[in-house]
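Asker: Below you will find the structure I want to go over with you.
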Amino acid sequence: MNRWLTRGDWLLLGAVALLLPGLYAVYWHGSGQGLEARVWVDGKPWARIDLFREQHLDVPGVLGVSHLEIGNGQVRFTDSPCQNRQCIHTGWLNEGGDVAACLPNRVSVQIMADDPRFDSINF
Amino acid sequence: MIRALPLVLVSVLLLTACSPRPPVYQEQLLTFGTLVDVTLWNVDEARGQQAVATLARDFDYMHDAWHAWHRGPLGRVNQLLPMGEWFSCPPSIVPLIRRSSELSRASGGLFNPAIGQLVRLWGFASDEPPKGPPPAPEAIRALLEKNPQMSDLELDGIQLRSRNPAVRLDFGAFAKGYAVDRAIEQLRELGIENAIVNAGGDLRAIGRHGERPWRVGIRHPRQPGMLAAVDIEGDESVFTSGDYERYFDYDGKRYQHIIDPRSGYPAEGLSSVTVFARQADVADAAATAITVAGPDVADWLPVARALGVTGVMLVDTAGRVQMTPSLRGRIYFDVEPKPEVRFSEPL
């Protein structure tokens, strides 16, 4: 055994090495890209979704079901019970702070990021 | 004894010290027929919630009062205007008429909120966009010949009448900007000096984000993601009008919701117009007037000057970008390859 480091030190360093990726993810991912999105229905928080887990989500709005596709750090509306389809035309969202909404169905989704590149988005 | 423990603890503390936790309060509201996003800096949660609740009440009230095709105060005004007699105008409408008349005059009539009948004829006076076909040319011509203008209105206190029975008010290109200005005023009255109020993509920002300016992304008109970024500090509005917002495609042609009051047909030639101005009502009206003026710099620059805006960026339907020199060094393109920019004469 090294005379400078005790067995406890080695255990601790091993634990730190295992924890590092987690700490990195928690404290250093603020590159502007969102890891999760929040979904609101009728002005109330409905779900938080992991943007890196591929999934399809049915969100019950006030008119019917809005369909979201999620994966690869992005989210988009693929269907909604509105006529103007503006939510679908918005396309993929991947920027921290960006938002899409189906106003008739009162469903909205916003990408959350600790330190987004933009404080607000103009369109 | 674990000798490395202090080192590990210090490292963990350093990591947490770097963690970005800016004191930002953000809340979304589904109001005013759009999504209103309020961002406040250095405001605690209780104060933020209280401020946003106040704004929500104001936006709901303004939406009901100023809606062009729902029942409400503006709907009643539009019913009474064709009579040609004096009537008591609801007080909530009076400042909109005064302010939009000034901006309409300054724009040379390219921003014209008196053409409510044309907007209705095209089917855009509806929560859902029309599907086409476009209206008959004779119907458009008949409305154009009546030449409704804001200058046809006479206002004496709250007494209002129209000398032209064809005037119908539609504040679609103005009410959002005016409402954003009222929201910023309200926040200042509540002692909040650093904020962004973003109503469906159009925003006014005051103050800054702590040690840095506010950073605003401008979404690409034709593809997912951002076209450009811009820093804002102090007090500035950024409004974008795009042909992708409300439109219908018919027979392979796109008809957008901004109607040219000179021809009676939807404006053509520009896919997006981004206007910078101190006040949001000016930015809103100017985005419409410049869209109507079209992509020729000889047409749009005089309108921008007359309305007193501080910056303009245009993207035409071929993807070419024009900009006023005031935006040089402020706009950072977020796309590759970077578009070639043609700069206009100064404002």
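For the structure tokens, the naming scheme is as follows: chains receive sequential letters (A, B, ...) according to their order of presentation, residues are indexed from 1 within each chain, and ligands are indexed from 1 in presentation order.
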Can you list, as a count of residues only, every residue of chain A that DSSP puts in helix (DSSP H, G or I)?

Answerer: 26

Asker: I'd like the contact shell of stretch 222-238 of chain B - 8 Å cut-off, only C-alpha atoms, skipping same-chain residues fewer than 5 positions apart - returned as a count of residues only.

Answerer: 34

Asker: Just checking: using only C-alpha atoms, which residue out of B:Asp243, B:Asp299, B:Asp284, B:Asp152 ends up closest to B:Gln256?

Answerer: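 Among B:Asp243, B:Asp299, B:Asp284, B:Asp152, it is B:Asp243 that comes nearest to B:Gln256.
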
Asker: Counting only C-alpha atoms, which of A:Gly96, A:Ser66, A:Gly71, A:Gly43 gets nearest to A:Asp119?

Answerer: A:Gly96

Asker: Can I get the residues of chain A within 10 Å of chain B, each with the closest pair of atoms and their distance in Å to one decimal, using only C-alpha atoms, sorted chain first then ascending number, as CSV?

Answerer:
residue,atom,partner,partner_atom,distance
A:Trp4,CA,B:Arg3,CA,8.3
A:Leu5,CA,B:Arg3,CA,7.0
A:Thr6,CA,B:Ile2,CA,6.6
A:Arg7,CA,B:Ile2,CA,8.2
A:Gly8,CA,B:Ile2,CA,5.6
A:Asp9,CA,B:Ile2,CA,5.2
A:Trp10,CA,B:Ile2,CA,8.9
A:Leu11,CA,B:Ile2,CA,9.5
A:Leu12,CA,B:Leu5,CA,7.7
A:Leu13,CA,B:Ala4,CA,8.0
A:Val16,CA,B:Val8,CA,7.8
A:Leu20,CA,B:Val12,CA,9.6
A:Leu23,CA,B:Leu15,CA,8.0
A:Tyr24,CA,B:Leu15,CA,8.4
A:Val26,CA,B:Ser19,CA,8.2
A:Tyr27,CA,B:Ser19,CA,5.0
A:Trp28,CA,B:Ser19,CA,6.9
A:His29,CA,B:Ser19,CA,9.3
A:Gly30,CA,B:Pro20,CA,7.1
A:Trp40,CA,B:Gln28,CA,9.1
A:Val41,CA,B:Leu30,CA,9.7
A:Asp42,CA,B:Leu30,CA,7.5
A:Gly43,CA,B:Leu30,CA,6.3
A:Lys44,CA,B:Leu29,CA,9.6
A:Cys82,CA,B:Glu128,CA,8.3
A:Gln83,CA,B:Glu128,CA,6.1
A:Asn84,CA,B:Glu128,CA,5.7
A:Arg85,CA,B:Glu128,CA,9.4
A:Gln86,CA,B:Glu245,CA,7.5
A:His89,CA,B:Tyr244,CA,8.5
A:Thr90,CA,B:Pro224,CA,7.4
A:Gly91,CA,B:Pro224,CA,6.0
A:Trp92,CA,B:Pro224,CA,5.9
A:Leu93,CA,B:Gly225,CA,7.0
A:Asn94,CA,B:Gly225,CA,7.2
A:Glu95,CA,B:Gly225,CA,7.1
A:Gly97,CA,B:Gly217,CA,9.6
A:Asp98,CA,B:Gly225,CA,9.0
A:Val99,CA,B:Leu35,CA,9.0
A:Ala100,CA,B:Leu35,CA,8.7
A:Ala101,CA,B:Leu35,CA,7.3
A:Cys102,CA,B:Thr34,CA,9.3
A:Leu103,CA,B:Thr34,CA,6.6
A:Pro104,CA,B:Asp127,CA,8.7
A:Arg106,CA,B:Leu30,CA,7.2
A:Val107,CA,B:Leu30,CA,9.1
A:Ser108,CA,B:Leu35,CA,8.4
A:Gln110,CA,B:Gln28,CA,9.5
A:Asp114,CA,B:Pro20,CA,6.5
A:Asp115,CA,B:Pro20,CA,6.4
A:Pro116,CA,B:Arg215,CA,9.4
A:Arg117,CA,B:Arg215,CA,7.3
A:Phe118,CA,B:Arg215,CA,5.0
A:Asp119,CA,B:Arg215,CA,5.3
A:Ser120,CA,B:Val216,CA,5.1
A:Ile121,CA,B:Gly217,CA,4.7
A:Asn122,CA,B:Gly201,CA,4.4
A:Phe123,CA,B:Gly201,CA,4.7

Asker: Per DSSP on the backbone, what are the strand (DSSP E or B) residues of chain A, as a ChimeraX atom specification?

Answerer: /A:33,36-41,44-50,55-60,65-71,74-79,93,95,99-102,107-112,120-122

Asker: Would you write out those residues with N, CA and C atoms, as a short mmCIF file (atom, residue, chain, number, x, y, z; two decimals), in the first residue's frame?

Answerer:
data_model
loop_
_atom_site.label_atom_id
_atom_site.label_comp_id
_atom_site.auth_asym_id
_atom_site.auth_seq_id
_atom_site.Cartn_x
_atom_site.Cartn_y
_atom_site.Cartn_z
N GLN A 33 -28.03 23.92 -24.45
CA GLN A 33 -28.91 22.88 -24.95
C GLN A 33 -29.75 22.35 -23.78
N GLU A 36 -34.28 18.79 -20.77
CA GLU A 36 -35.67 18.41 -20.56
C GLU A 36 -36.59 19.52 -21.06
N ALA A 37 -37.85 19.13 -21.22
CA ALA A 37 -38.85 20.11 -21.63
C ALA A 37 -40.00 20.05 -20.64
N ARG A 38 -40.71 21.14 -20.54
CA ARG A 38 -41.91 21.14 -19.70
C ARG A 38 -43.13 21.30 -20.57
N VAL A 39 -44.16 20.56 -20.22
CA VAL A 39 -45.42 20.62 -20.96
C VAL A 39 -46.47 21.24 -20.04
N TRP A 40 -47.18 22.22 -20.57
CA TRP A 40 -48.27 22.85 -19.81
C TRP A 40 -49.60 22.56 -20.50
N VAL A 41 -50.63 22.34 -19.72
CA VAL A 41 -51.98 22.21 -20.26
C VAL A 41 -52.86 23.22 -19.55
N LYS A 44 -51.35 25.12 -16.67
CA LYS A 44 -50.83 24.40 -15.50
C LYS A 44 -49.76 23.40 -15.94
N PRO A 45 -48.69 23.25 -15.12
CA PRO A 45 -47.65 22.28 -15.48
C PRO A 45 -48.23 20.87 -15.57
N TRP A 46 -47.93 20.16 -16.65
CA TRP A 46 -48.51 18.83 -16.86
C TRP A 46 -47.46 17.73 -16.79
N ALA A 47 -46.26 18.01 -17.35
CA ALA A 47 -45.21 16.98 -17.32
C ALA A 47 -43.85 17.61 -17.57
N ARG A 48 -42.82 16.94 -17.06
CA ARG A 48 -41.43 17.27 -17.43
C ARG A 48 -40.94 16.07 -18.21
N ILE A 49 -40.33 16.32 -19.37
CA ILE A 49 -39.93 15.18 -20.19
C ILE A 49 -38.44 15.21 -20.49
N ASP A 50 -37.84 14.03 -20.46
CA ASP A 50 -36.43 13.86 -20.78
C ASP A 50 -36.29 13.89 -22.31
N GLN A 55 -39.51 9.05 -27.32
CA GLN A 55 -40.87 8.67 -26.94
C GLN A 55 -41.90 9.50 -27.71
N HIS A 56 -43.11 9.00 -27.71
CA HIS A 56 -44.25 9.73 -28.25
C HIS A 56 -45.20 9.97 -27.09
N LEU A 57 -45.72 11.19 -27.00
CA LEU A 57 -46.51 11.54 -25.83
C LEU A 57 -47.87 12.08 -26.28
N ASP A 58 -48.92 11.56 -25.68
CA ASP A 58 -50.26 12.09 -25.94
C ASP A 58 -50.65 13.03 -24.81
N VAL A 59 -50.89 14.29 -25.15
CA VAL A 59 -51.19 15.28 -24.12
C VAL A 59 -52.67 15.67 -24.24
N PRO A 60 -53.46 15.40 -23.21
CA PRO A 60 -54.88 15.75 -23.30
C PRO A 60 -55.10 17.25 -23.06
N VAL A 65 -56.55 15.52 -28.00
CA VAL A 65 -55.19 15.08 -27.67
C VAL A 65 -54.18 15.71 -28.63
N SER A 66 -53.14 16.34 -28.06
CA SER A 66 -52.01 16.82 -28.86
C SER A 66 -50.92 15.76 -28.77
N HIS A 67 -50.26 15.51 -29.90
CA HIS A 67 -49.26 14.46 -29.94
C HIS A 67 -47.87 15.07 -30.05
N LEU A 68 -46.96 14.67 -29.13
CA LEU A 68 -45.59 15.18 -29.16
C LEU A 68 -44.63 14.05 -29.49
N GLU A 69 -43.62 14.38 -30.31
CA GLU A 69 -42.54 13.42 -30.57
C GLU A 69 -41.27 13.96 -29.92
N ILE A 70 -40.57 13.09 -29.19
CA ILE A 70 -39.42 13.53 -28.40
C ILE A 70 -38.24 12.61 -28.70
N GLY A 71 -37.04 13.17 -28.71
CA GLY A 71 -35.85 12.35 -28.86
C GLY A 71 -34.69 13.16 -29.39
N GLN A 74 -34.64 16.91 -28.81
CA GLN A 74 -35.61 17.77 -29.50
C GLN A 74 -37.05 17.34 -29.17
N VAL A 75 -37.96 18.24 -29.43
CA VAL A 75 -39.38 17.90 -29.29
C VAL A 75 -40.16 18.66 -30.35
N ARG A 76 -41.24 18.04 -30.84
CA ARG A 76 -42.12 18.74 -31.80
C ARG A 76 -43.55 18.22 -31.67
N PHE A 77 -44.48 19.08 -32.11
CA PHE A 77 -45.87 18.65 -32.23
C PHE A 77 -46.00 17.87 -33.54
N THR A 78 -46.61 16.69 -33.49
CA THR A 78 -46.87 15.97 -34.75
C THR A 78 -48.36 15.93 -35.07
N ASP A 79 -49.20 16.20 -34.07
CA ASP A 79 -50.64 16.24 -34.35
C ASP A 79 -51.32 17.03 -33.24
N LEU A 93 -38.12 21.78 -31.85
CA LEU A 93 -37.53 22.74 -30.91
C LEU A 93 -36.31 22.06 -30.28
N GLU A 95 -33.68 24.46 -28.81
CA GLU A 95 -32.92 25.54 -28.19
C GLU A 95 -33.50 25.84 -26.81
N VAL A 99 -40.12 27.64 -27.50
CA VAL A 99 -41.45 27.24 -27.07
C VAL A 99 -42.35 27.04 -28.28
N ALA A 100 -43.26 26.08 -28.19
CA ALA A 100 -44.30 25.92 -29.21
C ALA A 100 -45.60 25.69 -28.47
N ALA A 101 -46.69 26.12 -29.10
CA ALA A 101 -47.98 25.97 -28.42
C ALA A 101 -49.08 25.68 -29.41
N CYS A 102 -50.03 24.87 -28.98
CA CYS A 102 -51.29 24.73 -29.69
C CYS A 102 -52.29 25.54 -28.88
N VAL A 107 -52.25 23.73 -25.14
CA VAL A 107 -51.11 22.89 -24.78
C VAL A 107 -49.84 23.62 -25.23
N SER A 108 -48.84 23.72 -24.33
CA SER A 108 -47.58 24.33 -24.74
C SER A 108 -46.41 23.50 -24.23
N VAL A 109 -45.29 23.61 -24.94
CA VAL A 109 -44.09 22.88 -24.54
C VAL A 109 -42.91 23.84 -24.65
N GLN A 110 -42.05 23.83 -23.64
CA GLN A 110 -40.88 24.72 -23.64
C GLN A 110 -39.64 23.93 -23.23
N ILE A 111 -38.54 24.18 -23.94
CA ILE A 111 -37.27 23.53 -23.62
C ILE A 111 -36.64 24.25 -22.42
N MET A 112 -36.28 23.50 -21.42
CA MET A 112 -35.67 24.08 -20.23
C MET A 112 -34.15 23.91 -20.31
N SER A 120 -34.82 35.00 -24.53
CA SER A 120 -36.15 35.05 -25.12
C SER A 120 -35.99 34.87 -26.63
N ILE A 121 -37.05 34.39 -27.26
CA ILE A 121 -36.95 34.09 -28.69
C ILE A 121 -38.01 34.85 -29.47
N ASN A 122 -37.54 35.53 -30.52
CA ASN A 122 -38.39 36.37 -31.36
C ASN A 122 -38.71 35.60 -32.64
#

Asker: One decimal, in Å: what's the spacing between atom CA of B:Arg262 and atom CA of B:Leu110?

Answerer: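 Here the two named atoms are 7.7 Å from each other.
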
Asker: Go ahead and compute the interatomic distance for atom CA of B:Val43 and atom CA of B:Arg182, in Å to one decimal.

Answerer: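 Atom-to-atom, atom CA of B:Val43 to atom CA of B:Arg182, that is 19.6 Å.
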